[in-house]
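Worksheet: the structure to be examined is printed underneath.
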Amino acid sequence: MSCPQCQESARFVGYRPKTIISLVGALKLARPYYHCAHCQTGFWPWDVILRLSPERLTPGAQEVTTLLGITNSFGKAANCLLHKTAGLRLSESTVERTTEAAGERLGKRLQQGEVFGPKKPWEWNVDAEGKTCAYVSVDWTGIMMQGPDGAKAEGRMVAVGMVYNPQPRVEKDNDAVCMPCDGARYLSGLYTLEELGLQMRRQAAQVGMDAAQQWISLTDAGSGIEHFMDVNFPLATQIVDFRHASEYAHDLAKLYAAGKEAETLAAVWCHTLKHEGGAALLAIFKELDRAKMTPSACEGHDKVLTYFENHHKRMDYPTYLRKGVTAVPHRLKRLVPRDSRAILGADAAVSLLPFDAIGGSVPFPLMPRSNERSASPSLRPGSNACRLVPCGL
Ligand SMILES: [Zn+2]
C-alpha cells in the first residue's frame with residue numbers, strides 16, 4: 001500500500017498485537033503493520049479504519065464514555081457508572097481525554113456550520129389564542145477549571161443557549177410553569193455572545209423557527225441579553241424568567257423581615273408578581289419604609305428597585321398566564337455538569353450538550369467520523385485485513 005505520509009510504496013512487515021476496549025469488553029487484535037522505507041514511518045491502517053482513540057477505545061466505547069463524562073463528573077463516570085452500565089474500567093483521565101476529544105470534534109463541526117439532524121420544521125405548540133410559539137433562552141453558568149498539571153485556576157462562565165418547543169399549559173393558572181418540551185436544541189461552550197447568536201440562529205433555522213407565528217425569549221435579563229435577543233431574535237417577545245424575578249422578591253423579603261414573617265412576605269409578593277405583574281410589585285417595593293431597613297437591606301432594596309425598574313415591562317405575568325405562555329425556562333444551568341472540570345484554554349467538554357436531548361431525534365454526534373483521525377490510507381483489495389483474536393476477557 002502507499003504510505004499516508006509520502007505516498008511512496010510501504011512494505012507489509014507483519015501482524016502486531018493490540019488490546020482494544022470495546023463495548024463488549026477488551027478485544028485482542030492482531031493488525032497488520034506497514035513500514036515505509038522512504039520516510040521511515042511505520043503505521044497500522046486498521047487503527048485508522050476502526051477509528052480507535054489514542055486510548056484504544058472503539059467509537060462505540062468512546063460514545064458511551066463521553067455521554068457519561070458529560071452528564072456526570074469524569075471521576076464518577078470512571079469509578080462507577082462506566083463499569084455499571086458497560087462493564088468498562090477506565091481511568092478518570094481516559095474519560096476526561098475521550099470526552100474532550102469528542103467535544104473538540106463537535107466544536108469544530110459546529111464552527112464549520114454543521115447543525116446536525118434533518119432540516120425539518122417542528123410542529124410548534126400554540127398559545128391560548130391558537131398562535132404557534134417558538135421559545136429561545138440563554139443563560140450563563142460557572143464551571144470549575146483546571147490549569148496544566150492539575151494546578152488551581154479561576155472558574156469560567158459558560159454560555160448555554162436553547163431553542164425549544166414547550167407544551168402548552170393545560171390550565172390557565174397551572175402551577176407547573178415549566179412545561180415539558182416537544183423538542184429542544186441546546187448549545188453550550190466558552191462562546192462570545194456573538195458566536196453563540198450565530199450558532200443558535202443556525203439551530204433555530206434547522207427546526208423551522210421562522211414558521212412559528214411568535215417568538216418568545218425567556219431569560220434572566222442579565223447583562224447583554226436584551227441586546228443579544230434584539231440582534232439575533234428581533235421578533236421575540238422578551239420575558240423575564242418568573243423564577244428569577246421571584247428570587248429577587250425572596251431575597252428582599254429575607255433582608256426586610258425575619259423568620260416566618262419573611263416567608264409570608266415573600267409568598268405575598270410572589271403572588272402579586274404572578275397575578276398583577278412586575279409593575280404592581282415594583283409599586284409595592286417603592287412604598288417600603290427605608291427607615292426600618294438595615295444598611296444591607298437598603299442595599300438589597302436598591303438592587304431590587306433597579307432590576308424591576310429596568311425589566312418590569314417584561315414581567316407581565318398575568319398576560320402571559322392568560323395567553324398560556326410559559327414563563328419559566330428549563331434549568332439550562334443543570335445541563336452543564338458543574339463538577340466536570342474543563343481544561344484551561346479548551347472548551348471541549350462544554351461543547352458537549354445533548355442538543356436534542358428531550359426530542360431525542362438527533363443522534364448525538366460523539367463518534368469520530370472516519371476522516372477525523374489521520375487520513376485513511378488507501379487499502380488495496382486483498383491487502384492484509386485485521387485479525388480478531390478473542391482474548392476471553
Ligand atoms: Zn513514507
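The way I read the labels, and the way they are meant: chains A, B, ... in the order of the C-alpha cells, residue 1 as the first residue of every chain, and ligand 1 as the first ligand shown, with later ones counted on from there.
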List all protein, DNA and RNA residues that have an atom no more than 12 Å from any atom of ligand 1, counting only C-alpha atoms and all ligand atoms, and report them as a PyMOL selection string.
-> chain A and resi 1-11+34-43+377
Identify all residues of region 184-331 of chain A in strand (DSSP E) (DSSP on the backbone) and supply them as a list in words.
->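 Answer for region 184-331 of chain A, restricted to strand (DSSP E): Ala184, Arg185, Tyr186, Leu187, Ser188, Gly189, Gln214, Trp215, Ile216, Ser217, Leu218, Thr219, Ala236, Thr237, Gln238, Ile239 and Val240 of chain A.
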Residue neighbourhood Ile284 (chain A), 12 Å, only C-alpha atoms, exclusion window fewer than 3 positions, as a ChimeraX atom specification | /A:249,265,268-270,272-273,276-281,287-289,301,304-305,308
Could you save the residues just selected, with C-alpha atoms, as a tab-separated table (two decimals), in the first residue's frame?
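Output below, filename selection_26.tsv:
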chain	number	residue	atom	x	y	z
A	249	ALA	CA	-38.63	39.09	45.91
A	265	LEU	CA	-44.00	38.44	52.80
A	268	VAL	CA	-47.47	37.57	49.10
A	269	TRP	CA	-45.01	39.38	46.82
A	270	CYS	CA	-44.68	36.36	44.51
A	272	THR	CA	-48.65	39.75	43.36
A	273	LEU	CA	-45.91	39.26	40.78
A	276	GLU	CA	-50.63	41.52	38.90
A	277	GLY	CA	-47.24	41.67	37.23
A	278	GLY	CA	-43.83	43.28	37.77
A	279	ALA	CA	-45.12	46.88	37.64
A	280	ALA	CA	-47.53	46.25	40.55
A	281	LEU	CA	-44.79	44.64	42.62
A	287	GLU	CA	-43.57	52.05	49.16
A	288	LEU	CA	-41.39	50.07	51.59
A	289	ASP	CA	-40.24	52.07	54.60
A	301	HIS	CA	-33.71	47.25	48.18
A	304	VAL	CA	-34.26	45.08	43.50
A	305	LEU	CA	-35.65	48.51	42.56
A	308	PHE	CA	-37.59	45.89	38.48
Would you mind writing down, as a PyMOL selection string, each residue of region 20-112 of chain A that DSSP on the backbone assigns to helix (DSSP H, G or I)?
-> chain A and resi 45-49+59-71+74-86+92-111
Selection from above, C-alpha atoms, as a PDB file, in the first residue's frame, can you write it?
ATOM      1  CA  PRO A  45      -4.012   1.176   8.759  1.00  0.00           C
ATOM      2  CA  TRP A  46      -6.616  -0.728  10.742  1.00  0.00           C
ATOM      3  CA  ASP A  47      -6.301   1.578  13.749  1.00  0.00           C
ATOM      4  CA  VAL A  48      -7.482   4.377  11.475  1.00  0.00           C
ATOM      5  CA  ILE A  49     -10.208   2.315   9.852  1.00  0.00           C
ATOM      6  CA  PRO A  59     -16.090   4.505  18.555  1.00  0.00           C
ATOM      7  CA  GLY A  60     -18.942   2.871  20.498  1.00  0.00           C
ATOM      8  CA  ALA A  61     -16.936   2.860  23.721  1.00  0.00           C
ATOM      9  CA  GLN A  62     -15.948   6.486  23.066  1.00  0.00           C
ATOM     10  CA  GLU A  63     -19.581   7.477  22.673  1.00  0.00           C
ATOM     11  CA  VAL A  64     -20.747   5.836  25.888  1.00  0.00           C
ATOM     12  CA  THR A  65     -17.735   7.169  27.794  1.00  0.00           C
ATOM     13  CA  THR A  66     -18.438  10.673  26.532  1.00  0.00           C
ATOM     14  CA  LEU A  67     -22.141  10.520  27.329  1.00  0.00           C
ATOM     15  CA  LEU A  68     -21.364   9.532  30.904  1.00  0.00           C
ATOM     16  CA  GLY A  69     -18.487  12.025  31.053  1.00  0.00           C
ATOM     17  CA  ILE A  70     -20.705  14.954  30.181  1.00  0.00           C
ATOM     18  CA  THR A  71     -23.702  14.020  32.261  1.00  0.00           C
ATOM     19  CA  PHE A  74     -15.337  12.381  34.890  1.00  0.00           C
ATOM     20  CA  GLY A  75     -14.463  10.743  38.216  1.00  0.00           C
ATOM     21  CA  LYS A  76     -17.944   9.371  38.813  1.00  0.00           C
ATOM     22  CA  ALA A  77     -18.135   8.100  35.242  1.00  0.00           C
ATOM     23  CA  ALA A  78     -14.761   6.370  35.611  1.00  0.00           C
ATOM     24  CA  ASN A  79     -15.147   4.990  39.105  1.00  0.00           C
ATOM     25  CA  CYS A  80     -18.705   3.768  38.988  1.00  0.00           C
ATOM     26  CA  LEU A  81     -21.006   4.427  36.051  1.00  0.00           C
ATOM     27  CA  LEU A  82     -18.987   3.032  33.153  1.00  0.00           C
ATOM     28  CA  HIS A  83     -18.459  -0.199  34.982  1.00  0.00           C
ATOM     29  CA  LYS A  84     -22.116  -0.492  35.986  1.00  0.00           C
ATOM     30  CA  THR A  85     -23.514   0.357  32.569  1.00  0.00           C
ATOM     31  CA  ALA A  86     -20.989  -1.093  30.149  1.00  0.00           C
ATOM     32  CA  GLU A  92     -10.609   9.266  35.167  1.00  0.00           C
ATOM     33  CA  SER A  93      -8.053  10.792  32.807  1.00  0.00           C
ATOM     34  CA  THR A  94      -9.153   8.469  29.982  1.00  0.00           C
ATOM     35  CA  VAL A  95     -12.759   9.581  30.472  1.00  0.00           C
ATOM     36  CA  GLU A  96     -11.600  13.188  30.510  1.00  0.00           C
ATOM     37  CA  ARG A  97      -9.458  12.899  27.367  1.00  0.00           C
ATOM     38  CA  THR A  98     -12.134  10.949  25.491  1.00  0.00           C
ATOM     39  CA  THR A  99     -14.851  13.445  26.414  1.00  0.00           C
ATOM     40  CA  GLU A 100     -12.716  16.416  25.491  1.00  0.00           C
ATOM     41  CA  ALA A 101     -11.674  14.914  22.180  1.00  0.00           C
ATOM     42  CA  ALA A 102     -15.347  14.365  21.293  1.00  0.00           C
ATOM     43  CA  GLY A 103     -16.126  17.925  22.396  1.00  0.00           C
ATOM     44  CA  GLU A 104     -13.346  19.267  20.234  1.00  0.00           C
ATOM     45  CA  ARG A 105     -14.649  17.392  17.204  1.00  0.00           C
ATOM     46  CA  LEU A 106     -18.151  18.611  17.873  1.00  0.00           C
ATOM     47  CA  GLY A 107     -16.991  22.192  18.417  1.00  0.00           C
ATOM     48  CA  LYS A 108     -15.129  22.135  15.093  1.00  0.00           C
ATOM     49  CA  ARG A 109     -18.107  20.772  13.205  1.00  0.00           C
ATOM     50  CA  LEU A 110     -20.416  23.370  14.735  1.00  0.00           C
ATOM     51  CA  GLN A 111     -17.981  26.103  13.823  1.00  0.00           C
TER      52      GLN A 111
END
Option closest in space to Val138 (chain A), from A:Ile20, A:Leu218, A:Val325, A:Leu29 [counting only C-alpha atoms] |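 That would be A:Leu218, the residue with the smallest distance to Val138 (chain A).
Straight-line separation from CA of Ile216 (chain A) to CA of Ala204 (chain A): 12.7 Å.
Distances from A:Pro32, A:Gly324, A:Gly25, A:Pro329 to Cys181 (chain A) were compared using only C-alpha atoms, and the smallest one belongs to A:Pro329.
For Ala211 (chain A), the non-local neighbours within 9 Å, defined as residues at least 2 positions apart in the same chain or in other chains and counting only C-alpha atoms, are Pro121, Trp122, Trp124, Thr132, Ala134, Gly208, Met209, Gln213 and Gln214 of chain A.
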Mind writing the picked residues with C-alpha atoms as a short mmCIF file (atom, residue, chain, number, x, y, z; two decimals), in the first residue's frame?
data_model
loop_
_atom_site.label_atom_id
_atom_site.label_comp_id
_atom_site.auth_asym_id
_atom_site.auth_seq_id
_atom_site.Cartn_x
_atom_site.Cartn_y
_atom_site.Cartn_z
CA PRO A 121 -39.67 22.25 10.96
CA TRP A 122 -41.08 21.35 14.34
CA TRP A 124 -44.78 24.43 17.15
CA THR A 132 -47.79 28.96 17.32
CA ALA A 134 -41.14 29.27 19.40
CA GLY A 208 -38.09 25.96 11.31
CA MET A 209 -38.33 28.70 13.93
CA GLN A 213 -46.19 32.86 14.48
CA GLN A 214 -44.49 34.31 17.54
#
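Ranking A:Thr326, A:Ser73, A:Thr319, A:Thr306 by their shortest atom-to-atom distance to Tyr164 (chain A), with only C-alpha atoms included, puts A:Thr326 first.
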Could you tell me how far CA of Tyr248 (chain A) lies from CA of Pro166 (chain A), in Å and to one decimal?
->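 So the two atoms, CA of Tyr248 (chain A) and CA of Pro166 (chain A), lie 25.1 Å apart.
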Interatomic distance, CA of Gly300 (chain A) to CA of Asp241 (chain A) (Å, one decimal) | 19.8 Å
